[in-house]
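Novice: Next up, upload-v1.txt (compact mmCIF, C-alpha atoms and all ligand atoms).
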```txt
# COMPACT_ATOMS: atom_id res chain seq x y z
CA ILE D 1 -14.19 -7.27 -1.67
CA GLN D 2 -15.82 -4.70 0.53
CA TRP D 3 -17.69 -2.02 -1.42
CA THR D 4 -19.58 1.13 -0.45
CA VAL D 5 -21.76 3.43 -2.52
CA TYR D 6 -21.57 7.18 -1.86
CA PRO D 7 -24.01 9.81 -3.17
CA ASN D 8 -21.62 11.14 -5.81
CA HIS D 9 -18.03 11.32 -7.09
CA ARG D 10 -17.11 14.11 -4.68
CA ALA D 11 -18.35 12.25 -1.60
CA ALA D 12 -16.49 9.05 -2.59
CA SER D 13 -13.34 11.10 -3.27
CA HIS D 14 -13.55 12.75 0.12
CA VAL D 15 -13.77 9.38 1.86
CA ALA D 16 -10.66 8.24 -0.04
CA ALA D 17 -8.85 11.42 1.05
CA GLU D 18 -10.01 10.84 4.64
CA ILE D 19 -8.58 7.31 4.65
CA ILE D 20 -5.27 8.46 3.14
CA ALA D 21 -5.07 11.33 5.64
CA ALA D 22 -5.71 8.95 8.55
CA THR D 23 -2.91 6.66 7.33
CA LEU D 24 -0.58 9.66 7.06
CA SER D 25 -1.46 10.81 10.57
CA GLU D 26 -0.99 7.37 12.11
CA THR D 27 2.13 6.50 10.13
CA PRO D 28 3.85 9.70 8.93
CA ALA D 29 6.60 7.71 7.17
CA CYS D 30 4.17 5.47 5.29
CA VAL D 31 4.49 4.40 1.65
CA LEU D 32 1.55 5.44 -0.55
CA GLY D 33 0.79 3.93 -3.95
CA LEU D 34 -0.77 6.56 -6.22
CA ALA D 35 -2.84 6.62 -9.40
CA THR D 36 -3.45 9.21 -12.11
CA GLY D 37 -6.34 9.74 -14.55
CA SER D 38 -9.57 11.67 -13.98
CA THR D 39 -10.81 9.65 -11.04
CA PRO D 40 -8.38 10.66 -8.26
CA LEU D 41 -8.29 14.40 -9.07
CA ASP D 42 -10.72 15.32 -6.30
CA VAL D 43 -8.82 13.11 -3.86
CA TYR D 44 -5.64 15.10 -4.52
CA THR D 45 -7.49 18.43 -4.32
CA GLU D 46 -8.90 17.41 -0.95
CA LEU D 47 -5.50 16.17 0.33
CA ALA D 48 -3.94 19.49 -0.72
CA ARG D 49 -6.73 21.35 1.12
CA LYS D 50 -6.13 19.26 4.24
CA HIS D 51 -2.44 20.13 4.03
CA ARG D 52 -3.15 23.86 3.61
CA GLU D 53 -5.95 24.25 6.09
CA GLU D 54 -5.45 21.44 8.59
CA GLY D 55 -1.69 20.99 8.51
CA LEU D 56 -1.76 17.46 7.09
CA ASP D 57 1.93 16.60 6.96
CA PHE D 58 3.52 14.92 3.93
CA GLY D 59 7.05 15.57 5.21
CA ARG D 60 8.04 11.93 5.72
CA VAL D 61 5.85 10.09 3.22
CA THR D 62 7.20 8.04 0.30
CA THR D 63 5.11 7.59 -2.87
CA PHE D 64 5.17 5.20 -5.80
CA ASN D 65 2.90 5.77 -8.78
CA LEU D 66 1.37 2.87 -10.63
CA ASP D 67 2.51 3.73 -14.10
CA GLU D 68 3.97 6.11 -16.67
CA TYR D 69 3.54 6.47 -20.43
CA ILE D 70 6.50 5.64 -22.65
CA GLY D 71 7.36 8.29 -25.23
CA LEU D 72 6.39 11.51 -23.46
CA THR D 73 8.98 13.83 -21.95
CA PRO D 74 8.55 14.66 -18.24
CA ASP D 75 7.37 18.18 -19.10
CA HIS D 76 4.66 16.90 -21.49
CA PRO D 77 1.32 18.00 -19.98
CA GLN D 78 -0.04 14.43 -20.23
CA SER D 79 2.94 12.69 -18.67
CA TYR D 80 2.05 11.24 -15.30
CA VAL D 81 5.04 12.86 -13.63
CA HIS D 82 3.70 16.23 -14.80
CA TYR D 83 0.22 15.30 -13.58
CA MET D 84 1.49 14.36 -10.11
CA ASN D 85 3.57 17.52 -9.77
CA LYS D 86 0.63 19.66 -10.82
CA HIS D 87 -2.16 18.00 -8.84
CA LEU D 88 -0.39 16.94 -5.66
CA PHE D 89 3.36 17.20 -5.21
CA SER D 90 3.63 20.97 -5.78
CA LEU D 91 0.70 21.58 -3.42
CA VAL D 92 1.97 19.75 -0.31
CA ASN D 93 5.22 19.51 1.69
CA ILE D 94 6.35 16.29 0.09
CA SER D 95 10.04 15.61 -0.38
CA ARG D 96 10.50 15.12 -4.15
CA ASP D 97 13.29 12.60 -3.69
CA ARG D 98 10.78 10.31 -1.99
CA THR D 99 8.29 10.47 -4.89
CA HIS D 100 8.64 7.79 -7.54
CA LEU D 101 7.25 7.14 -11.00
CA PRO D 102 8.63 4.60 -13.44
CA ASN D 103 11.57 6.17 -15.29
CA VAL D 104 10.86 6.10 -19.02
CA GLN D 105 13.68 8.46 -20.04
CA THR D 106 16.10 5.63 -20.71
CA ASP D 107 17.20 3.28 -23.49
CA ASN D 108 16.77 0.28 -21.24
CA LEU D 109 13.12 0.27 -20.31
CA ASP D 110 13.11 -3.36 -19.15
CA GLU D 111 15.90 -2.64 -16.70
CA SER D 112 14.11 0.52 -15.55
CA ALA D 113 10.99 -1.55 -14.77
CA LYS D 114 13.04 -4.07 -12.79
CA GLN D 115 14.73 -1.22 -10.93
CA TYR D 116 11.30 0.19 -9.97
CA GLU D 117 10.27 -3.16 -8.50
CA ARG D 118 13.54 -3.27 -6.51
CA LEU D 119 13.06 0.29 -5.26
CA LEU D 120 9.56 -0.56 -4.09
CA LYS D 121 10.79 -3.59 -2.17
CA ALA D 122 13.66 -1.60 -0.65
CA ALA D 123 11.15 1.00 0.58
CA GLY D 124 9.30 -1.76 2.44
CA GLY D 125 6.38 -2.08 0.00
CA VAL D 126 3.21 -0.04 -0.31
CA ASP D 127 1.11 0.49 2.82
CA LEU D 128 -1.91 1.99 1.09
CA GLN D 129 -2.52 1.76 -2.66
CA LEU D 130 -5.03 4.03 -4.41
CA LEU D 131 -6.45 2.60 -7.65
CA GLY D 132 -8.81 3.60 -10.42
CA ILE D 133 -10.23 1.08 -12.88
CA GLY D 134 -10.46 1.08 -16.66
CA ALA D 135 -13.73 0.38 -18.45
CA ASN D 136 -12.10 -2.93 -19.51
CA GLY D 137 -11.15 -3.80 -15.92
CA HIS D 138 -7.52 -2.69 -16.10
CA ILE D 139 -5.72 -1.58 -12.95
CA GLY D 140 -2.55 0.37 -13.48
CA PHE D 141 -1.95 -0.46 -17.13
CA ASN D 142 -2.54 -4.16 -16.55
CA GLU D 143 -4.83 -4.73 -19.49
CA PRO D 144 -6.97 -7.85 -20.00
CA GLY D 145 -4.58 -10.79 -20.34
CA ALA D 146 -2.33 -9.68 -17.48
CA GLY D 147 -1.67 -12.49 -15.03
CA PRO D 148 -1.56 -12.55 -11.22
CA GLU D 149 2.20 -13.14 -11.24
CA SER D 150 2.99 -10.03 -13.31
CA VAL D 151 5.40 -7.47 -11.88
CA THR D 152 6.53 -4.02 -13.01
CA ARG D 153 7.19 -4.20 -16.75
CA VAL D 154 6.77 -2.62 -20.17
CA VAL D 155 3.26 -3.15 -21.56
CA ASP D 156 1.20 -2.29 -24.64
CA LEU D 157 -1.98 -0.31 -24.01
CA ALA D 158 -5.23 -1.92 -25.15
CA PRO D 159 -7.02 -0.26 -28.12
CA LYS D 160 -9.91 0.60 -25.78
CA THR D 161 -7.53 2.36 -23.38
CA ILE D 162 -5.88 4.33 -26.20
CA GLN D 163 -9.32 5.40 -27.40
CA SER D 164 -10.50 6.31 -23.90
CA ASN D 165 -7.33 8.26 -23.02
CA SER D 166 -7.42 10.15 -26.33
CA ARG D 167 -9.70 12.63 -24.55
CA PHE D 168 -6.57 14.06 -22.94
CA PHE D 169 -4.69 14.42 -26.25
CA GLU D 170 -5.33 16.36 -29.45
CA SER D 171 -5.89 13.17 -31.40
CA GLU D 172 -5.87 9.43 -30.85
CA ALA D 173 -2.62 9.22 -32.84
CA GLU D 174 -0.84 11.18 -30.10
CA VAL D 175 -1.71 8.75 -27.31
CA PRO D 176 1.33 6.69 -26.31
CA ARG D 177 1.07 2.99 -27.20
CA ARG D 178 3.19 1.69 -24.35
CA ALA D 179 3.77 2.26 -20.66
CA ILE D 180 5.67 0.93 -17.68
CA THR D 181 3.23 -0.32 -15.06
CA MET D 182 3.35 -2.06 -11.72
CA GLY D 183 2.11 -5.64 -12.22
CA ILE D 184 -0.81 -7.41 -10.62
CA ALA D 185 1.53 -9.15 -8.16
CA THR D 186 3.13 -5.78 -7.36
CA ILE D 187 -0.27 -4.22 -6.63
CA LEU D 188 -1.43 -7.20 -4.56
CA ARG D 189 1.61 -6.83 -2.26
CA ALA D 190 0.17 -3.54 -0.93
CA ARG D 191 -1.09 -3.97 2.63
CA GLU D 192 -4.31 -2.05 1.96
CA ILE D 193 -6.00 -1.17 -1.35
CA LEU D 194 -8.62 1.48 -2.12
CA LEU D 195 -10.25 1.47 -5.54
CA LEU D 196 -12.23 4.52 -6.50
CA ALA D 197 -14.68 4.19 -9.41
CA THR D 198 -17.40 6.55 -10.52
CA GLY D 199 -19.56 6.94 -13.59
CA SER D 200 -21.61 4.53 -15.67
CA SER D 201 -18.69 3.62 -17.98
CA LYS D 202 -17.16 1.70 -15.04
CA ALA D 203 -20.32 -0.21 -14.01
CA ASP D 204 -19.62 -3.43 -15.93
CA ALA D 205 -15.93 -3.58 -15.00
CA VAL D 206 -16.76 -2.98 -11.32
CA ALA D 207 -19.47 -5.64 -11.20
CA GLU D 208 -17.23 -8.21 -12.91
CA ALA D 209 -14.30 -7.36 -10.64
CA ILE D 210 -16.37 -7.90 -7.49
CA LYS D 211 -18.83 -10.63 -8.46
CA GLY D 212 -17.34 -12.28 -11.51
CA PRO D 213 -14.74 -15.03 -11.69
CA VAL D 214 -11.11 -14.25 -10.86
CA THR D 215 -9.72 -13.99 -14.37
CA SER D 216 -7.20 -12.18 -16.57
CA ASP D 217 -10.19 -11.07 -18.66
CA ASN D 218 -10.82 -8.53 -15.91
CA PRO D 219 -7.50 -7.81 -14.17
CA ALA D 220 -9.27 -6.00 -11.30
CA SER D 221 -10.91 -9.32 -10.39
CA PHE D 222 -7.54 -10.43 -8.93
CA LEU D 223 -8.28 -7.99 -6.13
CA GLN D 224 -10.71 -10.65 -4.83
CA THR D 225 -7.62 -12.59 -3.70
CA HIS D 226 -6.46 -9.74 -1.43
CA ALA D 227 -7.63 -9.53 2.19
CA ASN D 228 -7.94 -5.76 2.52
CA VAL D 229 -9.57 -4.12 -0.50
CA ARG D 230 -12.30 -1.50 -0.50
CA PHE D 231 -14.16 -0.18 -3.55
CA LEU D 232 -15.51 3.36 -3.12
CA LEU D 233 -18.28 3.88 -5.68
CA ASP D 234 -20.92 6.30 -6.83
CA PRO D 235 -24.40 5.03 -7.76
CA ASP D 236 -23.58 4.90 -11.49
CA ALA D 237 -20.47 2.77 -11.03
CA ALA D 238 -22.38 0.49 -8.62
CA ALA D 239 -25.40 0.13 -10.91
CA ARG D 240 -24.69 -3.50 -11.90
CA LEU D 241 -23.93 -4.75 -8.41
CA THR D 242 -27.43 -4.86 -7.04
C1 LIG R 301 -3.79 5.57 -13.75
C2 LIG R 301 -4.09 4.18 -14.00
C3 LIG R 301 -5.33 3.73 -14.73
C4 LIG R 301 -6.57 4.54 -14.41
C5 LIG R 301 -7.76 4.06 -15.24
C6 LIG R 301 -8.99 4.91 -15.04
O1 LIG R 301 -2.56 5.69 -13.06
O2 LIG R 301 -3.30 3.36 -13.66
O3 LIG R 301 -5.57 2.38 -14.39
O4 LIG R 301 -6.88 4.46 -13.05
O5 LIG R 301 -7.41 4.08 -16.60
O6 LIG R 301 -8.76 6.18 -15.57
P1 LIG R 301 -9.78 7.39 -15.30
O7 LIG R 301 -9.70 7.67 -13.84
O8 LIG R 301 -9.24 8.52 -16.12
O9 LIG R 301 -11.12 6.91 -15.72
```
As structure tokens, how would this structure be written, given the file I've shared?
Specialist:
Amino acid sequence: IQWTVYPNHRAASHVAAEIIAATLSETPACVLGLATGSTPLDVYTELARKHREEGLDFGRVTTFNLDEYIGLTPDHPQSYVHYMNKHLFSLVNISRDRTHLPNVQTDNLDESAKQYERLLKAAGGVDLQLLGIGANGHIGFNEPGAGPESVTRVVDLAPKTIQSNSRFFESEAEVPRRAITMGIATILRAREILLLATGSSKADAVAEAIKGPVTSDNPASFLQTHANVRFLLDPDAAARLT
């Protein structure tokens, strides 16, 4: 895994935006894999700025998000569909019918997950996947225990993830317990992967993912088996690598 340390979160985010913008310019009809959470916010702000000020064109792009909480309505402020609309989709000229998040507004969640996997394949797969990482090494909502063969499916969130994500909710009790997430195998099918990680809470997970054994104990470690992965880090997240 190739990794680079930037002076701070903003600088690392801008490099991620640069790489995504270059992909969009070279391949306007590319398929982007997108993440939510705190980490990519500056990436989306910078992409929106590039659209506004430099004419970066999202007109032909297709997007697939990694995951969505089960149990929130689409208009819930913490749903990932709401997040994407707010932080990116409403700010650029993207065609909404080419944006995808797992559909959780259904009685048949297992079928919805399978349908997402089929849609991804039909779109030709992800060209460039943006990832964050959980403090426990999760990518998407592939918590410790997730295997390399896993595909898009319904999962339970780890207690640590529920606790960590409670910062976005009024109380821990309000954090959804389940989600639909792309699997490890789904993520590894992307042609290129960028993982952005900043802050000291990610230092252990990052070091284990890059230098530790390839193991379900740290799902991000499966990225070692992919030929084209880059970690963009700040000094805090890289602290245990040197
Ligand atoms: C988000 C996602 C998660 C986050 C991870 C880090 O779509 O799949 O894996 O990337 O939980 O979250 P933040 O960036 O909030 O620290």
Novice: For the atom pair CA of Gly59 in chain D and CA of Asn93 in chain D, what is the interatomic distance in Å to one decimal place?
Specialist: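 Distance between the two atoms: 5.6 Å.
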Novice: As a PyMOL selection string, please: the residues near range 42-51 of chain D (cut-off 8 Å, all atoms listed in the file, same-chain neighbours under 2 positions excluded).
Specialist: chain D and resi 10+13-14+16-17+21+39-40+53-58+87-88+91-92
Novice: Once you count all atoms listed in the file, what closest atom pair and distance in Å to one decimal does each residue of chain D within 9 Å of ligand LIG 301 (chain R) have, with rows by chain and rising residue number, as a Markdown table?
Specialist:
```
| residue | atom | partner | partner_atom | distance |
| --- | --- | --- | --- | --- |
| D:Leu34 | CA | R:LIG301 | O1 | 7.1 |
| D:Ala35 | CA | R:LIG301 | O1 | 3.8 |
| D:Thr36 | CA | R:LIG301 | O1 | 3.8 |
| D:Gly37 | CA | R:LIG301 | O8 | 3.5 |
| D:Ser38 | CA | R:LIG301 | O8 | 3.8 |
| D:Thr39 | CA | R:LIG301 | O7 | 3.6 |
| D:Pro40 | CA | R:LIG301 | O7 | 6.5 |
| D:Leu41 | CA | R:LIG301 | O7 | 8.4 |
| D:Asn65 | CA | R:LIG301 | O1 | 6.9 |
| D:Leu66 | CA | R:LIG301 | O1 | 5.4 |
| D:Asp67 | CA | R:LIG301 | O1 | 5.5 |
| D:Glu68 | CA | R:LIG301 | O1 | 7.5 |
| D:Tyr80 | CA | R:LIG301 | O1 | 7.6 |
| D:Leu130 | CA | R:LIG301 | O4 | 8.8 |
| D:Leu131 | CA | R:LIG301 | O4 | 5.7 |
| D:Gly132 | CA | R:LIG301 | O4 | 3.4 |
| D:Ile133 | CA | R:LIG301 | C5 | 4.5 |
| D:Gly134 | CA | R:LIG301 | C5 | 4.3 |
| D:Ala135 | CA | R:LIG301 | C6 | 7.4 |
| D:Asn136 | CA | R:LIG301 | O5 | 8.9 |
| D:Gly137 | CA | R:LIG301 | O3 | 8.5 |
| D:His138 | CA | R:LIG301 | O3 | 5.7 |
| D:Ile139 | CA | R:LIG301 | O3 | 4.2 |
| D:Gly140 | CA | R:LIG301 | O2 | 3.1 |
| D:Phe141 | CA | R:LIG301 | O2 | 5.3 |
| D:Asn142 | CA | R:LIG301 | O3 | 7.5 |
| D:Glu143 | CA | R:LIG301 | O3 | 8.8 |
| D:Thr161 | CA | R:LIG301 | O5 | 7.0 |
| D:Ser164 | CA | R:LIG301 | O8 | 8.2 |
| D:Asn165 | CA | R:LIG301 | O8 | 7.2 |
| D:Thr181 | CA | R:LIG301 | O2 | 7.6 |
| D:Met182 | CA | R:LIG301 | O2 | 8.8 |
| D:Leu195 | CA | R:LIG301 | O4 | 8.8 |
| D:Leu196 | CA | R:LIG301 | O7 | 8.4 |
| D:Ala197 | CA | R:LIG301 | O7 | 7.5 |
| D:Thr198 | CA | R:LIG301 | O9 | 8.2 |
| D:Gly199 | CA | R:LIG301 | O9 | 8.7 |
| D:Ser201 | CA | R:LIG301 | O9 | 8.6 |
| D:Lys202 | CA | R:LIG301 | O9 | 8.0 |
```
Novice: Taking only C-alpha atoms into account, name the residue in D:Ala179, D:Ala12, D:Ile1, D:Ile70 that is nearest to Val229 in chain D.
Specialist: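 Answer, going by the shortest atom-to-atom distance: D:Ile1.
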Novice: Tell me which of D:Ala123, D:Ala220, D:Lys114, D:Val61 sits closest to Pro28 in chain D, counting all atoms listed in the file.
Specialist: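 Nearest to Pro28 in chain D: D:Val61.
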Novice: Work out how far apart CA of Phe64 in chain D and CA of Ile187 in chain D are and give it in Å to one decimal.
Specialist: 10.9 Å
Novice: Would you compute the distance between CA of Ala207 in chain D and CA of Pro144 in chain D? Give it in Å to one decimal.
Specialist: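 Separating CA of Ala207 in chain D from CA of Pro144 in chain D is a distance of 15.4 Å.
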Novice: Just want the 12 Å neighbourhood of Glu149 in chain D, counted on only C-alpha atoms, with same-chain residues fewer than 6 positions away dropped. Output as a PyMOL selection string.
Specialist: chain D and resi 142+182-189+216+219+222
Novice: Kindly provide, as JSON, the centre and edge lengths (Å, one decimal) of an axis-aligned box around all atoms of range 21-28 of chain D given in the file, with 5 Å on each side.
Specialist:
```
{"center_x": -0.9, "center_y": 8.9, "center_z": 8.9, "size_x": 19.6, "size_y": 14.8, "size_z": 16.5}
```
Novice: Out of D:Glu174, D:Glu26, D:Asp110, D:Glu192, which residue has the shortest atom-to-atom distance to His76 in chain D when counting only C-alpha atoms?
Specialist: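 Between D:Glu174, D:Glu26, D:Asp110, D:Glu192, the residue approaching His76 in chain D most closely is D:Glu174.
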Novice: Restricting the calculation to all atoms listed in the file, which member of D:Ile180, D:Phe89, D:Ala11, D:Pro148 is positioned closest to Asp217 in chain D?
Specialist: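 Checking each of D:Ile180, D:Phe89, D:Ala11, D:Pro148 against Asp217 in chain D, counting all atoms listed in the file, the winner is D:Pro148.
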Novice: Point out the residue among D:Thr27, D:Ile94, D:Ala173, D:Thr4 with the least atom-to-atom distance to Ile210 in chain D, counting all atoms listed in the file.
Specialist: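 Nearest candidate to Ile210 in chain D out of D:Thr27, D:Ile94, D:Ala173, D:Thr4: D:Thr4.
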Novice: Between D:Gln105, D:Gln2, D:Ser25, D:Ser95, which residue has the minimum interatomic distance to Arg230 in chain D, considering all atoms listed in the file?
Specialist: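 Distance minimum relative to Arg230 in chain D lands on D:Gln2.
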Novice: Env of Ala239 in chain D: 10 Å cut, atoms = all atoms listed in the file, seq-sep filter 2 positions within chain, self excluded. Answer as a list in words.
Specialist: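 Near Ala239 in chain D, the qualifying residues are Val5, Gly199, Ser200, Lys202, Ala203, Asp204, Val206, Ala207, Leu233, Asp234, Pro235, Asp236, Ala237, Leu241 and Thr242 of chain D.
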Novice: Give as a list in words every residue, naming chains and numbers as the document does, that has an atom within 6 Å of (5.2, 9.0, -15.5), counting all atoms listed in the file.
Specialist: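 Final list of nearby residues, as requested, is Glu68, Tyr69, Ser79, Tyr80, Val81, Leu101 and Pro102 of chain D.
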